[in-house]
>>> print(open('input16.txt').read())   # compact mmCIF, C-alpha atoms
# COMPACT_ATOMS: atom_id res chain seq x y z
CA MET A 12 0.00 0.00 0.00
CA GLN A 13 1.35 3.41 -0.86
CA SER A 14 1.93 5.93 1.88
CA ALA A 15 0.10 8.60 -0.11
CA ARG A 16 -3.08 6.53 -0.01
CA ARG A 17 -2.66 5.96 3.70
CA TRP A 18 -2.25 9.66 4.28
CA GLN A 19 -5.39 10.36 2.27
CA ALA A 20 -7.15 8.17 4.83
CA ALA A 21 -5.91 10.33 7.71
CA ALA A 22 -9.15 12.28 8.25
CA ALA A 23 -8.44 15.94 8.70
CA ALA A 24 -12.04 16.27 9.88
CA LEU A 25 -11.06 15.09 13.35
CA ALA A 26 -10.82 18.66 14.53
CA ILE A 27 -14.58 19.08 14.11
CA ALA A 28 -15.56 17.25 17.26
CA GLY A 29 -16.10 19.46 20.28
CA SER A 30 -17.80 18.92 23.59
CA ALA A 31 -21.20 19.28 21.93
CA PHE A 32 -20.65 16.04 19.99
CA ALA A 33 -20.91 14.03 23.20
CA ALA A 34 -24.52 15.11 23.67
CA ALA A 35 -27.34 12.96 22.32
CA PRO A 36 -28.47 14.26 18.91
CA THR A 37 -31.94 15.33 17.96
CA ALA A 38 -33.76 14.50 14.74
CA GLN A 39 -33.47 18.16 13.70
CA ALA A 40 -29.67 17.89 13.78
CA ARG A 41 -29.62 15.64 10.68
CA THR A 42 -28.76 17.28 7.36
CA GLY A 43 -30.46 14.56 5.32
CA ALA A 44 -27.45 14.41 3.00
CA CYS A 45 -25.85 11.31 4.53
CA PRO A 46 -27.01 7.69 4.43
CA GLU A 47 -28.94 6.43 7.43
CA LEU A 48 -28.49 3.35 9.58
CA THR A 49 -31.33 0.95 8.84
CA VAL A 50 -31.03 -1.73 11.56
CA THR A 51 -32.62 -0.57 14.80
CA GLN A 52 -33.01 -3.76 16.83
CA GLY A 53 -30.17 -4.46 19.26
CA TRP A 54 -28.93 -0.93 19.79
CA TYR A 55 -28.99 0.27 23.40
CA GLY A 56 -30.39 3.63 24.43
CA GLN A 57 -29.17 6.50 22.24
CA ASN A 58 -26.33 4.51 20.65
CA LYS A 59 -27.85 4.31 17.18
CA ALA A 60 -28.64 8.03 17.23
CA ARG A 61 -25.12 8.86 18.39
CA LEU A 62 -23.65 6.76 15.60
CA GLN A 63 -25.89 8.47 13.06
CA GLU A 64 -24.66 11.81 14.33
CA LEU A 65 -21.09 10.59 13.78
CA VAL A 66 -21.97 9.74 10.17
CA ASP A 67 -23.62 13.13 9.62
CA THR A 68 -20.81 15.07 11.28
CA TYR A 69 -17.76 13.45 9.75
CA GLY A 70 -19.00 11.89 6.53
CA THR A 71 -17.82 13.41 3.27
CA CYS A 72 -21.53 13.32 2.39
CA GLY A 73 -22.34 15.99 4.93
CA GLY A 74 -20.43 19.05 3.72
CA GLY A 75 -18.16 19.27 6.78
CA ALA A 76 -14.40 19.76 6.97
CA ALA A 77 -13.70 16.29 5.57
CA ARG A 78 -15.61 17.06 2.38
CA ALA A 79 -14.12 20.54 2.08
CA LYS A 80 -10.55 19.28 2.38
CA GLY A 81 -11.02 16.08 0.39
CA HIS A 82 -9.91 13.73 3.16
CA LYS A 83 -11.67 10.57 4.27
CA PRO A 84 -12.38 10.05 7.98
CA VAL A 85 -11.14 6.67 9.23
CA ALA A 86 -13.14 4.03 11.11
CA VAL A 87 -11.49 0.90 12.55
CA PHE A 88 -13.32 -2.21 13.80
CA ASP A 89 -11.94 -5.12 15.74
CA TRP A 90 -13.21 -8.34 14.17
CA ASP A 91 -13.82 -11.33 16.50
CA ASN A 92 -16.82 -10.76 18.78
CA THR A 93 -17.12 -7.20 17.46
CA VAL A 94 -18.23 -7.62 13.84
CA VAL A 95 -19.03 -11.31 14.25
CA LYS A 96 -20.19 -13.43 17.15
CA ASN A 97 -17.44 -15.90 18.17
CA ASP A 98 -13.89 -16.17 16.88
CA VAL A 99 -12.84 -16.91 13.29
CA GLY A 100 -9.32 -17.81 14.42
CA ASP A 101 -10.74 -20.47 16.72
CA ALA A 102 -13.00 -21.69 13.91
CA THR A 103 -10.00 -22.12 11.62
CA MET A 104 -7.87 -23.83 14.25
CA TYR A 105 -10.64 -26.32 14.99
CA TRP A 106 -11.12 -27.00 11.27
CA MET A 107 -7.38 -27.61 10.84
CA LEU A 108 -7.33 -30.05 13.76
CA ARG A 109 -10.40 -31.90 12.47
CA HIS A 110 -8.83 -32.20 9.00
CA SER A 111 -5.20 -32.97 9.96
CA LYS A 112 -3.76 -29.74 8.52
CA ILE A 113 -1.07 -28.95 11.10
CA ARG A 114 2.43 -29.90 10.03
CA ARG A 115 5.07 -31.50 12.21
CA PRO A 116 7.43 -28.82 13.59
CA LEU A 117 10.96 -28.44 12.28
CA HIS A 118 13.10 -31.40 13.38
CA GLY A 119 10.20 -32.41 15.64
CA ASP A 120 11.13 -29.59 18.04
CA TRP A 121 8.00 -27.80 19.26
CA HIS A 122 10.12 -24.91 20.56
CA THR A 123 10.48 -23.87 16.91
CA THR A 124 6.75 -23.07 16.78
CA SER A 125 6.98 -20.26 19.37
CA ARG A 126 9.86 -18.64 21.20
CA TYR A 127 7.54 -18.37 24.23
CA LEU A 128 6.67 -22.06 24.45
CA THR A 129 7.83 -23.56 27.76
CA ASP A 130 9.87 -26.72 28.13
CA PRO A 131 6.94 -28.61 29.75
CA ALA A 132 4.67 -27.65 26.84
CA ALA A 133 7.22 -28.66 24.21
CA THR A 134 7.74 -31.98 25.99
CA ALA A 135 3.99 -32.61 26.30
CA LEU A 136 3.39 -31.85 22.62
CA ALA A 137 6.27 -34.08 21.53
CA ALA A 138 4.95 -36.92 23.68
CA ALA A 139 1.37 -36.56 22.43
CA CYS A 140 2.01 -36.13 18.70
CA PRO A 141 3.75 -38.63 16.40
CA SER A 142 7.29 -37.76 15.35
CA GLY A 143 7.35 -39.36 11.92
CA ALA A 144 4.38 -37.76 10.21
CA THR A 145 4.81 -34.75 7.91
CA THR A 146 1.27 -33.64 8.72
CA LEU A 147 -0.06 -34.51 12.16
CA PRO A 148 -3.05 -36.93 12.11
CA THR A 149 -5.18 -34.85 14.48
CA ALA A 150 -8.41 -35.91 12.75
CA THR A 151 -7.99 -39.37 14.29
CA ASP A 152 -5.24 -38.97 16.91
CA THR A 153 -7.25 -37.50 19.78
CA ARG A 154 -4.29 -37.34 22.14
CA CYS A 155 -2.34 -35.08 19.77
CA ALA A 156 -5.42 -33.00 18.95
CA ASP A 157 -6.24 -32.53 22.63
CA GLU A 158 -2.72 -31.37 23.48
CA ILE A 159 -2.60 -28.79 20.70
CA ARG A 160 -6.15 -27.57 21.39
CA THR A 161 -5.46 -27.21 25.11
CA VAL A 162 -2.17 -25.37 24.68
CA TYR A 163 -3.83 -23.04 22.17
CA GLY A 164 -7.09 -22.49 24.03
CA ASP A 165 -6.05 -22.60 27.68
CA GLY A 166 -2.37 -21.67 27.60
CA LYS A 167 -1.67 -24.88 29.51
CA THR A 168 -0.85 -28.48 28.75
CA THR A 169 -3.42 -31.21 29.34
CA GLY A 170 -1.43 -31.94 32.47
CA GLY A 171 -1.87 -28.38 33.72
CA ALA A 172 1.64 -27.01 33.10
CA THR A 173 2.02 -23.41 31.91
CA ALA A 174 2.50 -23.44 28.13
CA PHE A 175 3.92 -19.97 27.42
CA ALA A 176 6.21 -17.59 29.29
CA GLY A 177 8.29 -14.45 28.87
CA TRP A 178 6.17 -12.24 26.62
CA ASP A 179 5.13 -8.57 26.78
CA ARG A 180 1.47 -8.60 27.79
CA ARG A 181 0.75 -5.32 25.97
CA THR A 182 2.14 -6.22 22.53
CA ILE A 183 1.59 -9.95 21.91
CA GLU A 184 -0.52 -12.89 23.06
CA PRO A 185 1.44 -16.08 22.29
CA GLN A 186 -1.68 -18.27 22.21
CA TYR A 187 -3.17 -16.11 19.44
CA ALA A 188 0.16 -15.92 17.63
CA TRP A 189 0.58 -19.69 17.84
CA LEU A 190 -2.28 -20.29 15.41
CA ALA A 191 -0.48 -18.26 12.73
CA GLN A 192 2.76 -20.04 13.59
CA LEU A 193 1.16 -23.49 13.33
CA MET A 194 0.28 -22.65 9.73
CA SER A 195 3.99 -22.99 8.97
CA GLY A 196 4.75 -24.88 5.75
CA TRP A 197 1.52 -23.92 4.00
CA ARG A 198 1.07 -21.21 1.40
CA THR A 199 -1.19 -18.24 2.09
CA ALA A 200 -3.59 -19.57 -0.56
CA ASP A 201 -3.81 -22.87 1.36
CA VAL A 202 -4.70 -21.08 4.58
CA ARG A 203 -7.38 -19.08 2.81
CA SER A 204 -8.89 -22.31 1.52
CA PHE A 205 -8.94 -23.67 5.10
CA ALA A 206 -10.60 -20.47 6.29
CA ARG A 207 -13.22 -20.61 3.53
CA ALA A 208 -14.11 -24.18 4.47
CA ALA A 209 -14.33 -23.29 8.16
CA ARG A 210 -16.43 -20.23 7.33
CA ALA A 211 -18.93 -22.26 5.35
CA GLU A 212 -19.32 -24.81 8.14
CA ASN A 213 -19.64 -22.25 10.93
CA LEU A 214 -22.17 -20.08 9.11
CA ALA A 215 -24.27 -23.12 8.21
CA ALA A 216 -24.29 -24.52 11.75
CA PRO A 217 -27.18 -23.44 14.00
CA ILE A 218 -26.58 -20.92 16.76
CA GLY A 219 -25.28 -22.75 19.80
CA ALA A 220 -23.86 -25.68 17.79
CA GLU A 221 -20.78 -27.51 19.01
CA GLN A 222 -18.22 -29.58 17.14
CA GLN A 223 -15.95 -32.42 18.21
CA VAL A 224 -12.21 -31.68 18.31
CA GLY A 225 -10.21 -34.50 19.81
CA THR A 226 -12.17 -35.62 22.84
CA ALA A 227 -13.71 -32.19 23.49
CA LYS A 228 -16.82 -30.35 22.38
CA VAL A 229 -16.03 -26.79 21.26
CA THR A 230 -17.92 -23.87 19.72
CA GLY A 231 -19.03 -24.72 16.19
CA TRP A 232 -20.80 -21.62 14.86
CA VAL A 233 -20.15 -18.01 13.88
CA ARG A 234 -22.56 -15.24 12.83
CA TYR A 235 -22.12 -11.80 11.33
CA TYR A 236 -23.78 -9.08 13.35
CA ASP A 237 -26.44 -7.41 11.18
CA GLN A 238 -25.99 -4.19 13.16
CA GLN A 239 -22.26 -3.99 12.43
CA ARG A 240 -22.69 -4.91 8.77
CA ASP A 241 -25.21 -2.06 8.52
CA LEU A 242 -22.88 0.33 10.35
CA ILE A 243 -19.91 -0.53 8.14
CA ARG A 244 -21.96 -0.18 4.97
CA THR A 245 -23.36 3.17 6.13
CA LEU A 246 -19.92 4.51 7.05
CA GLN A 247 -18.55 3.49 3.66
CA LYS A 248 -21.46 5.14 1.82
CA ALA A 249 -20.83 8.28 3.86
CA GLY A 250 -17.22 8.42 2.68
CA PHE A 251 -15.41 6.83 5.61
CA ASP A 252 -12.30 4.73 5.04
CA VAL A 253 -13.23 1.59 6.99
CA TRP A 254 -10.62 -0.90 8.25
CA ILE A 255 -10.56 -4.16 10.21
CA THR A 256 -7.93 -5.07 12.80
CA SER A 257 -7.75 -8.52 14.35
CA ALA A 258 -5.52 -10.76 16.43
CA SER A 259 -6.46 -13.64 14.13
CA PRO A 260 -4.19 -14.45 11.17
CA GLU A 261 -4.65 -11.89 8.42
CA SER A 262 -5.23 -14.49 5.70
CA VAL A 263 -8.15 -15.85 7.75
CA VAL A 264 -9.69 -12.42 8.36
CA ASP A 265 -9.36 -11.60 4.66
CA VAL A 266 -11.75 -14.46 3.88
CA TRP A 267 -14.36 -13.35 6.40
CA ALA A 268 -14.10 -9.59 5.89
CA GLY A 269 -15.62 -9.75 2.42
CA GLY A 270 -18.92 -10.63 4.07
CA VAL A 271 -19.20 -7.05 5.31
CA GLY A 272 -17.71 -5.40 2.24
CA ILE A 273 -14.14 -4.99 3.51
CA ALA A 274 -11.43 -5.74 0.94
CA PRO A 275 -8.29 -7.69 1.95
CA ASP A 276 -6.13 -4.54 1.67
CA HIS A 277 -8.21 -3.03 4.50
CA ALA A 278 -7.87 -5.97 6.92
CA ILE A 279 -4.93 -6.05 9.33
CA GLY A 280 -4.21 -9.25 11.24
CA ILE A 281 -1.26 -11.35 12.37
CA ARG A 282 1.19 -11.51 9.49
CA PRO A 283 3.69 -14.38 9.32
CA VAL A 284 7.08 -14.12 7.66
CA THR A 285 7.14 -16.20 4.47
CA SER A 286 10.05 -17.91 2.75
CA HIS A 287 9.93 -19.24 -0.82
CA GLY A 288 6.17 -18.73 -0.79
CA ARG A 289 5.65 -20.73 2.40
CA ILE A 290 4.60 -19.54 5.85
CA THR A 291 7.29 -19.75 8.53
CA PRO A 292 6.87 -19.85 12.34
CA HIS A 293 8.05 -16.24 12.56
CA LEU A 294 5.97 -13.08 12.53
CA LYS A 295 6.27 -9.70 10.90
CA GLY A 296 6.95 -6.84 13.27
CA CYS A 297 5.85 -3.24 13.66
CA GLY A 298 7.42 -0.07 15.04
CA SER A 299 10.68 -0.87 16.79
CA VAL A 300 10.10 -4.64 16.44
CA ALA A 301 11.77 -6.19 13.40
CA ASP A 302 10.35 -9.01 11.31
CA GLY A 303 11.14 -12.34 12.94
CA GLU A 304 11.43 -10.99 16.50
CA ASP A 305 7.90 -12.28 17.15
CA ALA A 306 7.08 -9.59 19.70
CA MET A 307 4.48 -7.25 18.16
CA ILE A 308 1.17 -8.49 16.78
CA THR A 309 -2.23 -6.80 16.48
CA TYR A 310 -2.82 -6.96 20.24
CA ILE A 311 -3.42 -4.04 22.68
CA ASP A 312 -0.54 -1.58 22.03
CA GLY A 313 0.38 -3.67 19.00
CA LYS A 314 -2.98 -2.85 17.41
CA ARG A 315 -2.17 0.85 17.76
CA CYS A 316 1.19 0.28 16.09
CA TRP A 317 -0.20 -1.69 13.16
CA ILE A 318 -3.02 0.84 12.59
CA ASN A 319 -0.57 3.75 12.67
CA GLN A 320 1.73 1.93 10.27
CA GLU A 321 -0.74 0.48 7.78
CA VAL A 322 -3.52 3.09 7.78
CA PHE A 323 -1.62 6.30 8.42
CA GLY A 324 1.85 5.47 7.09
CA VAL A 325 3.72 6.10 10.34
CA ARG A 326 7.05 4.23 10.32
CA GLY A 327 9.55 3.09 12.92
CA PRO A 328 9.19 3.54 16.70
CA ALA A 329 6.83 6.49 16.18
CA ALA A 330 4.13 4.01 15.13
CA GLU A 331 3.96 2.76 18.72
CA ARG A 332 2.99 6.19 20.03
CA VAL A 333 -0.33 8.05 20.07
CA GLN A 334 -0.43 10.28 17.00
CA PRO A 335 -1.80 13.82 16.59
CA ALA A 336 -5.58 13.96 16.21
CA ALA A 337 -5.45 14.46 12.44
CA ARG A 338 -3.60 11.14 12.08
CA ARG A 339 -5.99 9.03 14.15
CA GLN A 340 -9.25 7.24 13.50
CA VAL A 341 -12.49 9.10 14.08
CA PHE A 342 -14.33 5.95 15.11
CA ALA A 343 -13.31 2.61 16.66
CA ALA A 344 -15.23 -0.47 17.80
CA GLY A 345 -14.11 -3.36 19.99
CA ASP A 346 -15.12 -5.84 22.66
CA SER A 347 -12.03 -6.78 24.64
CA ASP A 348 -9.03 -5.52 26.58
CA THR A 349 -7.05 -6.37 23.44
CA ASP A 350 -8.75 -3.35 21.81
CA VAL A 351 -8.15 -0.76 24.52
CA SER A 352 -5.33 1.23 22.91
CA PHE A 353 -6.81 1.77 19.46
CA LEU A 354 -10.21 2.53 20.97
CA ARG A 355 -8.69 5.20 23.20
CA ASP A 356 -7.04 6.73 20.12
CA ALA A 357 -10.40 7.34 18.39
CA THR A 358 -11.31 11.02 18.44
CA GLY A 359 -15.06 10.85 17.67
CA LEU A 360 -16.82 7.84 19.17
CA ARG A 361 -15.71 4.49 20.64
CA LEU A 362 -18.20 1.63 20.52
CA VAL A 363 -17.75 -1.20 23.05
CA LEU A 364 -19.65 -4.48 23.01
CA ASN A 365 -19.87 -5.58 26.62
CA ARG A 366 -18.15 -8.92 27.28
CA ASN A 367 -17.22 -8.00 30.87
CA LYS A 368 -13.56 -7.35 30.07
CA ASN A 369 -12.11 -5.48 33.01
CA GLU A 370 -9.84 -2.77 31.62
CA LEU A 371 -12.04 -2.01 28.64
CA MET A 372 -15.22 -1.71 30.69
CA CYS A 373 -13.46 0.43 33.30
CA ARG A 374 -12.49 2.92 30.63
CA ALA A 375 -15.83 2.77 28.82
CA TYR A 376 -17.93 3.29 31.94
CA ASP A 377 -15.58 6.00 33.28
CA ASN A 378 -16.29 7.83 29.99
CA GLY A 379 -14.50 11.01 30.94
CA ASP A 380 -14.94 12.69 27.55
CA GLY A 381 -18.43 11.38 26.78
CA ARG A 382 -17.32 9.57 23.62
CA TRP A 383 -17.65 5.95 24.81
CA LEU A 384 -20.75 3.97 23.80
CA VAL A 385 -21.47 0.66 25.56
CA ASN A 386 -23.80 -1.86 23.95
CA PRO A 387 -24.76 -5.43 24.91
CA MET A 388 -23.62 -8.09 22.47
CA PHE A 389 -26.17 -8.39 19.66
CA ILE A 390 -26.42 -12.19 19.97
CA GLN A 391 -26.51 -13.95 23.35
CA PRO A 392 -25.64 -10.82 25.38
CA LYS A 393 -24.20 -11.27 28.83
CA GLY A 394 -26.28 -10.47 31.89
CA GLN A 395 -25.23 -7.92 34.46
CA LYS A 396 -21.89 -8.52 36.15
CA SER A 397 -22.72 -8.81 39.83
CA ALA A 398 -19.48 -7.38 41.23
CA ALA A 399 -18.01 -4.02 40.30
CA TYR A 400 -15.12 -3.95 37.86
CA PRO A 401 -11.88 -3.73 39.92
CA CYS A 402 -10.68 -0.59 38.16
CA SER A 403 -8.93 0.92 41.17
CA THR A 404 -6.85 -2.17 41.96
CA THR A 405 -6.25 -4.94 39.39
CA ALA A 406 -8.11 -4.31 36.11
CA TYR A 407 -4.98 -3.20 34.20
CA THR A 408 -2.36 -5.75 33.16
CA ASP A 409 1.17 -4.32 32.90
CA HIS A 410 3.80 -5.36 30.37
CA ASP A 411 5.17 -8.04 32.71
CA GLY A 412 1.74 -9.35 33.64
CA THR A 413 1.48 -7.51 36.95
CA PRO A 414 -2.09 -6.40 37.75
CA ALA A 415 -2.46 -2.69 38.48
CA PRO A 416 -5.09 0.07 38.67
CA VAL A 417 -6.53 1.55 35.49
CA ARG A 418 -5.33 5.11 35.08
CA ARG A 419 -6.63 7.99 33.01
CA ALA A 420 -4.39 9.97 30.66
CA ASP A 421 -3.66 12.42 33.50
CA GLY A 422 -2.52 9.61 35.81
CA THR A 423 -5.53 9.57 38.11
CA VAL A 424 -7.00 6.20 39.03
CA VAL A 425 -10.35 5.15 37.60
CA PRO A 426 -12.70 4.21 40.46
CA ASP A 427 -14.42 0.83 40.43
CA GLN A 428 -17.33 0.79 37.99
CA LYS A 429 -20.72 -0.92 38.11
CA ASP A 430 -22.01 -2.86 35.11
CA THR A 431 -25.04 -0.95 33.81
CA VAL A 432 -25.41 -1.94 30.11
CA TYR A 433 -26.20 -5.63 29.69
CA GLY A 434 -28.58 -8.14 28.18
CA GLY A 435 -32.00 -8.86 29.56
>>> encode(input="input16.txt", output="structure tokens")
Amino acid sequence: MQSARRWQAAAAALAIAGSAFAAAPTAQARTGACPELTVTQGWYGQNKARLQELVDTYGTCGGGAARAKGHKPVAVFDWDNTVVKNDVGDATMYWMLRHSKIRRPLHGDWHTTSRYLTDPAATALAAACPSGATTLPTATDTRCADEIRTVYGDGKTTGGATAFAGWDRRTIEPQYAWLAQLMSGWRTADVRSFARAARAENLAAPIGAEQQVGTAKVTGWVRYYDQQRDLIRTLQKAGFDVWITSASPESVVDVWAGGVGIAPDHAIGIRPVTSHGRITPHLKGCGSVADGEDAMITYIDGKRCWINQEVFGVRGPAAERVQPAARRQVFAAGDSDTDVSFLRDATGLRLVLNRNKNELMCRAYDNGDGRWLVNPMFIQPKGQKSAAYPCSTTAYTDHDGTPAPVRRADGTVVPDQKDTVYGG
């Protein structure tokens, strides 16, 4: 992607938003020039009206600063459990296990699949999975399938030993990264074919369906959220430059993103290093992290870096830092602590689907600038969390994994927050 195109996406209209934008709009505030959201069911309170105001205020359709200066405002959505219900990375991993598509690691050494894999995990995987096979027979070998699934899903071995250690908790999640790394040996086109097959199965399965992986029953369905598809389509019609960011492998997200009208060049996920057209166990880096260092994926602060780099053309260590308002997204949507940094960077509105994630909900409910919108999940929303979110004590996870208070930009501690937006 050319840097000039990225810069065109930088949204000079960010300066429009003042304190008045935080107020709920009235019908009279609409200009009528911009497309309207059409899906009403599922939106909480004034959220749909606030989002419509965002479209009217920033859209190039509305005659504001963005239209006058010829720049597109930027919107960025997380993918899993934000645009769709459930996780497309999980869906692909389960499909690969059920169809024996994971290759034996280099020289049979499981440490080569992740620099963060512990000795107990490498030993457990080597003991569970056959050493002679080029492709592991996880469709029939339940012991091998169970060990891989458990390490991936729980971060532990089937015997309970810790599977990963030594990573920066704000820039990478080794369990998420491991899926991309276990695709080693395949071509990107192969992975896309796996993702297409998994997509077809998970969309066809009824809501609530489970599938058998090894000896376990796991989630077997995914659904697009009609509300988010409508929002993305409306933003695009209004002249927004809409992007996806995900901690699933990018080649997997590419397959799914087309279902909401997002092209592959506007989806940012985990990117593996390739060699001679084949995926390797190493990952591309961002900011100060070089390719192959395996330390910066689209995860918390890493999502900020990848958005700054790929959307706005910011290079080197500067990509890891918060950018000036004119080089940040107007709108962001997410559901998890993994989305906190890029959501905080949004200058217009920040939409949060409530999955009871501590740091994210602390920041959303604190809502110091009035730009956070909280909405229950559109399918199978969670009920009210009985206890307050521990914002003042342990809701933040530091780089080394130490729990700490959630702090505002000025350093003050966010008080504990009650859960007030939830499913019935």
>>> residues_near_point(input="input16.txt", point="(1.1, -11.6, 19.9)", cutoff="9 Å", atoms="all atoms listed in the file", output="compact mmCIF listing (two decimals) with C-alpha atoms, keeping the file's coordinate frame")
# COMPACT_ATOMS: atom_id res chain seq x y z
CA TRP A 178 6.17 -12.24 26.62
CA ASP A 179 5.13 -8.57 26.78
CA ARG A 180 1.47 -8.60 27.79
CA ARG A 181 0.75 -5.32 25.97
CA THR A 182 2.14 -6.22 22.53
CA ILE A 183 1.59 -9.95 21.91
CA GLU A 184 -0.52 -12.89 23.06
CA PRO A 185 1.44 -16.08 22.29
CA GLN A 186 -1.68 -18.27 22.21
CA TYR A 187 -3.17 -16.11 19.44
CA ALA A 188 0.16 -15.92 17.63
CA TRP A 189 0.58 -19.69 17.84
CA ALA A 258 -5.52 -10.76 16.43
CA ILE A 281 -1.26 -11.35 12.37
CA LEU A 294 5.97 -13.08 12.53
CA ASP A 305 7.90 -12.28 17.15
CA ALA A 306 7.08 -9.59 19.70
CA MET A 307 4.48 -7.25 18.16
CA ILE A 308 1.17 -8.49 16.78
CA THR A 309 -2.23 -6.80 16.48
CA TYR A 310 -2.82 -6.96 20.24
CA GLY A 313 0.38 -3.67 19.00
>>> residues_around(input="input16.txt", residues="Arg207 (chain A)", least_positions_apart="2", cutoff="12 Å", atoms="all atoms listed in the file", output="number ranges by chain")
A: 99-100, 102-103, 106-107, 200-205, 209-214, 262-270
>>> residues_near_point(input="input16.txt", point="(-9.8, -5.6, 13.2)", cutoff="7 Å", atoms="all atoms listed in the file", output="PDB file with C-alpha atoms, in the frame of the given file")
ATOM      1  CA  VAL A  87     -11.490   0.900  12.550  1.00  0.00           C
ATOM      2  CA  PHE A  88     -13.320  -2.210  13.800  1.00  0.00           C
ATOM      3  CA  ASP A  89     -11.940  -5.120  15.740  1.00  0.00           C
ATOM      4  CA  TRP A  90     -13.210  -8.340  14.170  1.00  0.00           C
ATOM      5  CA  TRP A 254     -10.620  -0.900   8.250  1.00  0.00           C
ATOM      6  CA  ILE A 255     -10.560  -4.160  10.210  1.00  0.00           C
ATOM      7  CA  THR A 256      -7.930  -5.070  12.800  1.00  0.00           C
ATOM      8  CA  SER A 257      -7.750  -8.520  14.350  1.00  0.00           C
ATOM      9  CA  ALA A 278      -7.870  -5.970   6.920  1.00  0.00           C
ATOM     10  CA  ILE A 279      -4.930  -6.050   9.330  1.00  0.00           C
ATOM     11  CA  GLY A 280      -4.210  -9.250  11.240  1.00  0.00           C
TER      12      GLY A 280
END
>>> atom_distance(input="input16.txt", atom1="CA of Asn365 (chain A)", atom2="CA of Asp101 (chain A)")
20.1 Å
>>> atom_distance(input="input16.txt", atom1="CA of Gly196 (chain A)", atom2="CA of Asp276 (chain A)")
23.4 Å
>>> closest_residue(input="input16.txt", among="A:Thr153, A:Ala135, A:Lys393, A:Arg198", to="Thr173 (chain A)", atoms="only C-alpha atoms")
A:Ala135
